[in-house]
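Data block below; observations after.
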Amino acid sequence: ETGIMIMRFIYEVRSGFHLAWRYKASAIGITFMITVICIVLVAALADVITQTSVIVGAKQLRANNAVTFTPYYLEAKETEPSEDFMGELSKQITKGSAYTMISSNVRIDDPSFANGNRAIILIGSSAQMAVTGTSLCSPAPCAMVGERTTAPVDGPLKIGEEEVNITKETPSSAALFDPAATGIDLGTSVVIVLPPSSLDKLDVHEQTEAVWRTVLFSPTVEETAHFAAKAKENHLLLVPHNLATDQPERYRELMVRAGLYGLSLMAVSLLILAAYQNSVRSMIRREKPTLILHHLYGATRADLNVRLSIFLATTILALPSCALIVLSVMGSPFSETAALVGGLLITTYFISVLRTTLEVSHVFSSNSRRAS
């Protein structure tokens with residue numbers, strides 16, 4: 001009898017796959033939409049997690065009364081910071097009262113630099129306060145390569161006349177607080193840590209960015225005004241911002257954005273699932289004669305539910321699960337968000353199975369009433 005039950009189970013599983021094949025047009029459309037929703041949801045949640053962790057992790061900057069700047073270029077001609085200004089900035093960084101970074105203009109004249117990966121330069125030991133998930137390599141100069149960089153980086157990196165050796169791998173969960181963009185994923189970046197004396201070795205584009213990305217710690221009003229005045233002499237207007245004041249507002253904006261993500265995706269998901277349930281209900285009505293005939297020849301309702309469960313698995317779980325597995329391999333925070341979305345996907349599957357089971361029961365109840 002056990003062998004017969006196994007054979008019946010295998011038959012129902014095969015019938016479930018055949019059923020999915022017969023309705024492949026609608027099944028493929030629904031599967032594709034569910035897969036797209038899962039991918040978008042994972043990416044959106046990963047972005048929110050990264051931004052939130054960076055904002056929360058930047059508490060050391062807030063505790064040190066960090067001041068950042070927003071730049072405005074005063075003239076159309078190229079800004080070129082003077083040697084005196086760069087020397088003064090170097091002294092501040094050496095004292096630990098400031099740090100700076102370059103993330104947009106690193107070797108922009110050399111597209112092959114760092115094998116095409118995004119490169120970020122950090123100058124000053126105090127930059128560690130802006131990094132979460134890892135510690136910076138030392139002593140400077142040194143470089144770190146993210147676990148998820150798109151292309152391998154071999155050999156030393158050349159900054160001016162200086163060669164920087166790669167000494168560490170950056171975990172995929174590491175992130176950098178950027179006052180201009182909130183959070184930067186270091187798992188896909190190459191981070192170059194330089195000493196303050198290297199400011200003179202940077203090109204004009206890198207020096208300009210280093211000026212306006214400077215973060216000052218607990219400066220007096222006079223010190224902030226002096227730094228802004230020196231930048232203005234170099235045709236760069238800097239508007240100061242205190243992180244302790246600005247970050248709570250940025251955090252609220254992030255929570256609002258996360259809420260909008262969630263509501264939008266939830267609305268779209270509910271619409272697609274409603275359409276999917278209607279499609280399944282229509283399929284059951286079309287398959288009603290076959291199901292009843294199969295039942296009359298000895299199939300139990302459990303057998304029919306196995307058949308329909310396999311059909312649902314091929315449309316809800318197959319392709320979306322593959323996409324989630326690929327995303328989870330990318331590391332944190334994608335692995336965490338992929339697991340969360342996977343849980344939601346499995347919950348949706350079991351709800352669909354339950355609704356389908358009830359629909360089948362309704363079909364047989366209606367048929368029994370007609371027969372009596």
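Chain labels run A, B, ... following the order of the structure tokens; each chain numbers its residues from 1, and ligands are numbered from 1 in the order shown.
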Test item: residues at most 12 Å from Lys230 (chain A), only C-alpha atoms, excluding those fewer than 2 positions along its chain, as a PDB file with N, CA and C atoms, in the first residue's frame:
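Written output follows (part.pdb):
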```pdb
ATOM      1  N   PRO A  81      42.823  74.812  -5.782  1.00  0.00           N
ATOM      2  CA  PRO A  81      43.243  75.199  -4.436  1.00  0.00           C
ATOM      3  C   PRO A  81      44.725  75.542  -4.377  1.00  0.00           C
ATOM      4  N   SER A  82      45.048  76.573  -3.621  1.00  0.00           N
ATOM      5  CA  SER A  82      46.434  77.017  -3.525  1.00  0.00           C
ATOM      6  C   SER A  82      47.256  76.075  -2.639  1.00  0.00           C
ATOM      7  N   GLU A  83      48.571  76.150  -2.782  1.00  0.00           N
ATOM      8  CA  GLU A  83      49.460  75.316  -1.971  1.00  0.00           C
ATOM      9  C   GLU A  83      49.327  75.652  -0.490  1.00  0.00           C
ATOM     10  N   ASP A  84      49.151  76.958  -0.184  1.00  0.00           N
ATOM     11  CA  ASP A  84      48.999  77.359   1.218  1.00  0.00           C
ATOM     12  C   ASP A  84      47.747  76.746   1.836  1.00  0.00           C
ATOM     13  N   PHE A  85      46.662  76.783   1.071  1.00  0.00           N
ATOM     14  CA  PHE A  85      45.394  76.232   1.571  1.00  0.00           C
ATOM     15  C   PHE A  85      45.510  74.728   1.804  1.00  0.00           C
ATOM     16  N   MET A  86      46.119  74.013   0.854  1.00  0.00           N
ATOM     17  CA  MET A  86      46.267  72.568   1.001  1.00  0.00           C
ATOM     18  C   MET A  86      47.203  72.230   2.169  1.00  0.00           C
ATOM     19  N   GLY A  87      48.239  73.082   2.351  1.00  0.00           N
ATOM     20  CA  GLY A  87      49.140  72.864   3.480  1.00  0.00           C
ATOM     21  C   GLY A  87      48.425  73.057   4.808  1.00  0.00           C
ATOM     22  N   GLU A  88      47.575  74.083   4.881  1.00  0.00           N
ATOM     23  CA  GLU A  88      46.814  74.341   6.107  1.00  0.00           C
ATOM     24  C   GLU A  88      45.861  73.178   6.396  1.00  0.00           C
ATOM     25  N   LEU A  89      45.197  72.662   5.334  1.00  0.00           N
ATOM     26  CA  LEU A  89      44.283  71.529   5.508  1.00  0.00           C
ATOM     27  C   LEU A  89      45.061  70.293   5.976  1.00  0.00           C
ATOM     28  N   VAL A 211      38.751  69.496  -0.620  1.00  0.00           N
ATOM     29  CA  VAL A 211      38.443  70.716   0.139  1.00  0.00           C
ATOM     30  C   VAL A 211      36.992  70.699   0.601  1.00  0.00           C
ATOM     31  N   TRP A 212      36.055  70.496  -0.341  1.00  0.00           N
ATOM     32  CA  TRP A 212      34.648  70.639   0.075  1.00  0.00           C
ATOM     33  C   TRP A 212      34.103  69.423   0.805  1.00  0.00           C
ATOM     34  N   GLU A 223      36.802  79.362  13.383  1.00  0.00           N
ATOM     35  CA  GLU A 223      37.543  78.390  12.585  1.00  0.00           C
ATOM     36  C   GLU A 223      36.748  77.963  11.351  1.00  0.00           C
ATOM     37  N   THR A 224      35.452  77.773  11.530  1.00  0.00           N
ATOM     38  CA  THR A 224      34.601  77.408  10.384  1.00  0.00           C
ATOM     39  C   THR A 224      34.569  78.537   9.371  1.00  0.00           C
ATOM     40  N   ALA A 225      34.423  79.766   9.858  1.00  0.00           N
ATOM     41  CA  ALA A 225      34.386  80.925   8.967  1.00  0.00           C
ATOM     42  C   ALA A 225      35.720  81.105   8.246  1.00  0.00           C
ATOM     43  N   HIS A 226      36.829  80.841   8.940  1.00  0.00           N
ATOM     44  CA  HIS A 226      38.150  80.974   8.326  1.00  0.00           C
ATOM     45  C   HIS A 226      38.318  79.954   7.199  1.00  0.00           C
ATOM     46  N   PHE A 227      37.897  78.704   7.459  1.00  0.00           N
ATOM     47  CA  PHE A 227      38.027  77.671   6.437  1.00  0.00           C
ATOM     48  C   PHE A 227      37.181  78.024   5.208  1.00  0.00           C
ATOM     49  N   ALA A 228      35.970  78.504   5.454  1.00  0.00           N
ATOM     50  CA  ALA A 228      35.096  78.880   4.342  1.00  0.00           C
ATOM     51  C   ALA A 228      35.664  80.070   3.576  1.00  0.00           C
ATOM     52  N   LYS A 232      36.731  80.328  -0.327  1.00  0.00           N
ATOM     53  CA  LYS A 232      36.178  81.358  -1.200  1.00  0.00           C
ATOM     54  C   LYS A 232      37.283  82.045  -1.997  1.00  0.00           C
ATOM     55  N   GLU A 233      38.444  82.212  -1.383  1.00  0.00           N
ATOM     56  CA  GLU A 233      39.581  82.788  -2.105  1.00  0.00           C
ATOM     57  C   GLU A 233      39.994  81.905  -3.280  1.00  0.00           C
ATOM     58  N   ASN A 234      39.650  80.616  -3.196  1.00  0.00           N
ATOM     59  CA  ASN A 234      39.958  79.670  -4.267  1.00  0.00           C
ATOM     60  C   ASN A 234      38.733  79.390  -5.138  1.00  0.00           C
ATOM     61  N   HIS A 235      37.798  80.383  -5.158  1.00  0.00           N
ATOM     62  CA  HIS A 235      36.617  80.346  -6.020  1.00  0.00           C
ATOM     63  C   HIS A 235      35.645  79.218  -5.672  1.00  0.00           C
ATOM     64  N   LEU A 236      35.581  78.860  -4.370  1.00  0.00           N
ATOM     65  CA  LEU A 236      34.681  77.795  -3.935  1.00  0.00           C
ATOM     66  C   LEU A 236      33.915  78.277  -2.702  1.00  0.00           C
ATOM     67  N   LEU A 237      32.598  78.419  -2.831  1.00  0.00           N
ATOM     68  CA  LEU A 237      31.762  78.858  -1.719  1.00  0.00           C
ATOM     69  C   LEU A 237      31.289  77.635  -0.942  1.00  0.00           C
ATOM     70  N   LEU A 238      31.597  77.580   0.355  1.00  0.00           N
ATOM     71  CA  LEU A 238      31.212  76.448   1.197  1.00  0.00           C
ATOM     72  C   LEU A 238      30.183  76.887   2.228  1.00  0.00           C
TER      73      LEU A 238
END
```
> If you run DSSP on the backbone, which residues of region 8-160 of chain A are helix (DSSP H, G or I), as a ChimeraX atom specification?
Replying inline: /A:8-22,24-57,59-63,83-95,113-116,125-130
>> I want to know what sits within 12 Å of Ser264 (chain A), based on only C-alpha atoms, with residues of the same chain fewer than 6 positions away left out; could you give that as a PyMOL selection string?
In response: chain A and resi 37+40-41+44+257-258+270-271
>> Using only C-alpha atoms for the distances, tell me which of A:Ala143, A:Thr150, A:Tyr72, A:Ser197 is nearest to Pro240 (chain A).
In response: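 Smallest distance to Pro240 (chain A) is found for A:Tyr72.
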Would you mind listing, for every residue of region 127-233 of chain A within 8 Å of region 313-332 of chain A, the two atoms forming the shortest contact and the distance between them in Å to one decimal, using only C-alpha atoms, sorted by chain and ascending residue number, as a Markdown table?
```
| residue | atom | partner | partner_atom | distance |
| --- | --- | --- | --- | --- |
| A:Arg148 | CA | A:Met330 | CA | 6.9 |
| A:Ser172 | CA | A:Ser332 | CA | 5.7 |
| A:Ser173 | CA | A:Ser332 | CA | 5.0 |
```
> Within 7 Å of Pro195 (chain A), counting only C-alpha atoms, which residues qualify if same-chain residues fewer than 5 places away don't, as an MDAnalysis selection string?
Replying inline: chainID A and resid 123:124 140:141
Only all heavy atoms, please: the residues just picked out, written as a PDB file, in the first residue's frame.
```
ATOM      1  N   ILE A 123      41.599  60.427   3.688  1.00  0.00           N
ATOM      2  CA  ILE A 123      42.819  61.046   4.205  1.00  0.00           C
ATOM      3  C   ILE A 123      42.578  61.461   5.654  1.00  0.00           C
ATOM      4  O   ILE A 123      41.685  62.273   5.939  1.00  0.00           O
ATOM      5  CB  ILE A 123      43.228  62.281   3.371  1.00  0.00           C
ATOM      6  CG1 ILE A 123      43.442  61.874   1.907  1.00  0.00           C
ATOM      7  CG2 ILE A 123      44.478  62.930   3.928  1.00  0.00           C
ATOM      8  CD1 ILE A 123      43.757  63.027   0.985  1.00  0.00           C
ATOM      9  N   GLY A 124      43.377  60.894   6.544  1.00  0.00           N
ATOM     10  CA  GLY A 124      43.246  61.208   7.967  1.00  0.00           C
ATOM     11  C   GLY A 124      42.747  60.015   8.760  1.00  0.00           C
ATOM     12  O   GLY A 124      41.796  59.340   8.356  1.00  0.00           O
ATOM     13  N   ALA A 140      49.048  54.210   6.684  1.00  0.00           N
ATOM     14  CA  ALA A 140      48.869  54.837   5.367  1.00  0.00           C
ATOM     15  C   ALA A 140      50.258  55.148   4.787  1.00  0.00           C
ATOM     16  O   ALA A 140      51.196  55.455   5.529  1.00  0.00           O
ATOM     17  CB  ALA A 140      48.052  56.106   5.511  1.00  0.00           C
ATOM     18  N   PRO A 141      50.407  55.033   3.446  1.00  0.00           N
ATOM     19  CA  PRO A 141      49.373  54.711   2.459  1.00  0.00           C
ATOM     20  C   PRO A 141      49.132  53.202   2.335  1.00  0.00           C
ATOM     21  O   PRO A 141      50.063  52.403   2.429  1.00  0.00           O
ATOM     22  CB  PRO A 141      49.952  55.270   1.168  1.00  0.00           C
ATOM     23  CG  PRO A 141      51.429  55.134   1.343  1.00  0.00           C
ATOM     24  CD  PRO A 141      51.691  55.373   2.802  1.00  0.00           C
TER      25      PRO A 141
END
```
Strand (DSSP E) per DSSP on the backbone: members of region 196-309 of chain A, as a short mmCIF file (atom, residue, chain, number, x, y, z; two decimals) with all heavy atoms, in the first residue's frame:
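Once written, out_25.cif looks like this:
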```cif
data_model
loop_
_atom_site.label_atom_id
_atom_site.label_comp_id
_atom_site.auth_asym_id
_atom_site.auth_seq_id
_atom_site.Cartn_x
_atom_site.Cartn_y
_atom_site.Cartn_z
N VAL A 215 35.73 67.32 6.69
CA VAL A 215 34.89 67.26 7.89
C VAL A 215 35.73 67.78 9.05
O VAL A 215 36.80 67.24 9.35
CB VAL A 215 34.41 65.83 8.18
CG1 VAL A 215 33.61 65.78 9.48
CG2 VAL A 215 33.57 65.30 7.02
N LEU A 216 35.26 68.85 9.68
CA LEU A 216 35.96 69.46 10.82
C LEU A 216 35.32 68.98 12.12
O LEU A 216 34.09 68.83 12.20
CB LEU A 216 35.88 70.98 10.75
CG LEU A 216 36.43 71.66 9.48
CD1 LEU A 216 36.21 73.17 9.55
CD2 LEU A 216 37.91 71.34 9.29
N PHE A 217 36.16 68.76 13.15
CA PHE A 217 35.65 68.30 14.44
C PHE A 217 35.67 69.42 15.46
O PHE A 217 36.72 70.02 15.72
CB PHE A 217 36.48 67.11 14.95
CG PHE A 217 36.36 65.89 14.09
CD1 PHE A 217 37.45 65.40 13.40
CD2 PHE A 217 35.14 65.24 13.95
CE1 PHE A 217 37.34 64.27 12.61
CE2 PHE A 217 35.02 64.12 13.16
CZ PHE A 217 36.12 63.63 12.47
N LEU A 236 35.58 78.86 -4.37
CA LEU A 236 34.68 77.79 -3.93
C LEU A 236 33.91 78.28 -2.70
O LEU A 236 34.51 78.57 -1.66
CB LEU A 236 35.50 76.54 -3.59
CG LEU A 236 34.73 75.25 -3.34
CD1 LEU A 236 33.97 74.82 -4.59
CD2 LEU A 236 35.69 74.14 -2.92
N LEU A 237 32.60 78.42 -2.83
CA LEU A 237 31.76 78.86 -1.72
C LEU A 237 31.29 77.63 -0.94
O LEU A 237 30.65 76.74 -1.50
CB LEU A 237 30.56 79.65 -2.24
CG LEU A 237 29.57 80.13 -1.18
CD1 LEU A 237 30.22 81.10 -0.21
CD2 LEU A 237 28.34 80.76 -1.84
N LEU A 238 31.60 77.58 0.35
CA LEU A 238 31.21 76.45 1.20
C LEU A 238 30.18 76.89 2.23
O LEU A 238 30.39 77.87 2.94
CB LEU A 238 32.44 75.88 1.92
CG LEU A 238 33.56 75.32 1.03
CD1 LEU A 238 34.69 74.76 1.90
CD2 LEU A 238 33.04 74.25 0.09
N VAL A 239 29.08 76.12 2.29
CA VAL A 239 28.03 76.38 3.29
C VAL A 239 28.15 75.30 4.36
O VAL A 239 27.99 74.11 4.07
CB VAL A 239 26.63 76.34 2.65
CG1 VAL A 239 25.56 76.56 3.71
CG2 VAL A 239 26.53 77.39 1.54
N PRO A 240 28.45 75.68 5.62
CA PRO A 240 28.66 74.67 6.66
C PRO A 240 27.35 74.07 7.18
O PRO A 240 26.31 74.71 7.17
CB PRO A 240 29.37 75.47 7.76
CG PRO A 240 28.92 76.88 7.56
CD PRO A 240 28.70 77.04 6.09
N HIS A 241 27.45 72.80 7.65
CA HIS A 241 26.32 72.11 8.26
C HIS A 241 26.81 71.35 9.48
O HIS A 241 27.85 70.70 9.43
CB HIS A 241 25.69 71.10 7.28
CG HIS A 241 25.27 71.70 5.98
ND1 HIS A 241 24.09 72.37 5.82
CD2 HIS A 241 25.89 71.72 4.78
CE1 HIS A 241 23.98 72.77 4.56
NE2 HIS A 241 25.07 72.40 3.91
N ASN A 242 26.06 71.44 10.56
CA ASN A 242 26.39 70.68 11.76
C ASN A 242 25.63 69.35 11.73
O ASN A 242 24.41 69.33 11.68
CB ASN A 242 26.02 71.48 13.01
CG ASN A 242 26.56 70.84 14.28
OD1 ASN A 242 26.21 69.72 14.60
ND2 ASN A 242 27.41 71.57 15.00
#
```
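Using only C-alpha atoms, the smallest distance between any of A:Leu291, A:Cys142, A:Val153, A:Ile34 and Tyr349 (chain A) comes from A:Ile34.
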> Using only C-alpha atoms, which of A:Leu293, A:Ile4, A:Val221, A:Leu243 sits nearest Pro179 (chain A)?
Replying inline: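 Smallest distance to Pro179 (chain A) is found for A:Leu243.
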> Can you list, as a PyMOL selection string, every protein, DNA or RNA residue that comes within 9 Å of Leu136 (chain A) when you count only C-alpha atoms, leaving out same-chain residues fewer than 3 positions away?
Replying inline: chain A and resi 125+127-128+131+143-144+168+170+191+193
Writing out the chosen residues with N, CA, C and O atoms as an mmCIF file, in the first residue's frame:
```cif
data_model
loop_
_atom_site.group_PDB
_atom_site.id
_atom_site.type_symbol
_atom_site.label_atom_id
_atom_site.label_comp_id
_atom_site.auth_asym_id
_atom_site.auth_seq_id
_atom_site.Cartn_x
_atom_site.Cartn_y
_atom_site.Cartn_z
ATOM 1 N N SER A 125 43.377 59.752 9.887
ATOM 2 C CA SER A 125 42.977 58.617 10.727
ATOM 3 C C SER A 125 41.568 58.804 11.295
ATOM 4 O O SER A 125 40.883 57.825 11.616
ATOM 5 N N ALA A 127 39.029 59.489 9.775
ATOM 6 C CA ALA A 127 38.030 58.987 8.833
ATOM 7 C C ALA A 127 37.407 57.688 9.318
ATOM 8 O O ALA A 127 36.323 57.308 8.862
ATOM 9 N N GLN A 128 38.083 56.992 10.252
ATOM 10 C CA GLN A 128 37.515 55.753 10.797
ATOM 11 C C GLN A 128 36.145 56.001 11.428
ATOM 12 O O GLN A 128 35.277 55.116 11.440
ATOM 13 N N VAL A 131 33.315 55.232 9.090
ATOM 14 C CA VAL A 131 33.257 53.892 8.495
ATOM 15 C C VAL A 131 32.592 52.930 9.465
ATOM 16 O O VAL A 131 32.908 52.915 10.657
ATOM 17 N N ALA A 143 45.709 50.282 0.752
ATOM 18 C CA ALA A 143 44.444 50.188 0.022
ATOM 19 C C ALA A 143 43.677 48.953 0.456
ATOM 20 O O ALA A 143 44.260 47.949 0.902
ATOM 21 N N MET A 144 42.354 49.021 0.329
ATOM 22 C CA MET A 144 41.445 47.929 0.663
ATOM 23 C C MET A 144 40.528 47.675 -0.531
ATOM 24 O O MET A 144 40.014 48.622 -1.128
ATOM 25 N N LYS A 168 44.372 44.756 2.399
ATOM 26 C CA LYS A 168 43.216 44.235 3.126
ATOM 27 C C LYS A 168 42.020 44.092 2.201
ATOM 28 O O LYS A 168 41.895 44.813 1.209
ATOM 29 N N THR A 170 37.877 44.375 2.042
ATOM 30 C CA THR A 170 36.780 45.019 2.756
ATOM 31 C C THR A 170 35.558 44.117 2.742
ATOM 32 O O THR A 170 35.132 43.670 1.676
ATOM 33 N N VAL A 191 39.089 51.212 -1.554
ATOM 34 C CA VAL A 191 39.353 52.315 -0.626
ATOM 35 C C VAL A 191 40.859 52.510 -0.505
ATOM 36 O O VAL A 191 41.588 51.566 -0.195
ATOM 37 N N VAL A 193 43.669 54.625 1.490
ATOM 38 C CA VAL A 193 43.917 55.435 2.686
ATOM 39 C C VAL A 193 45.272 56.112 2.528
ATOM 40 O O VAL A 193 46.301 55.437 2.381
#
```
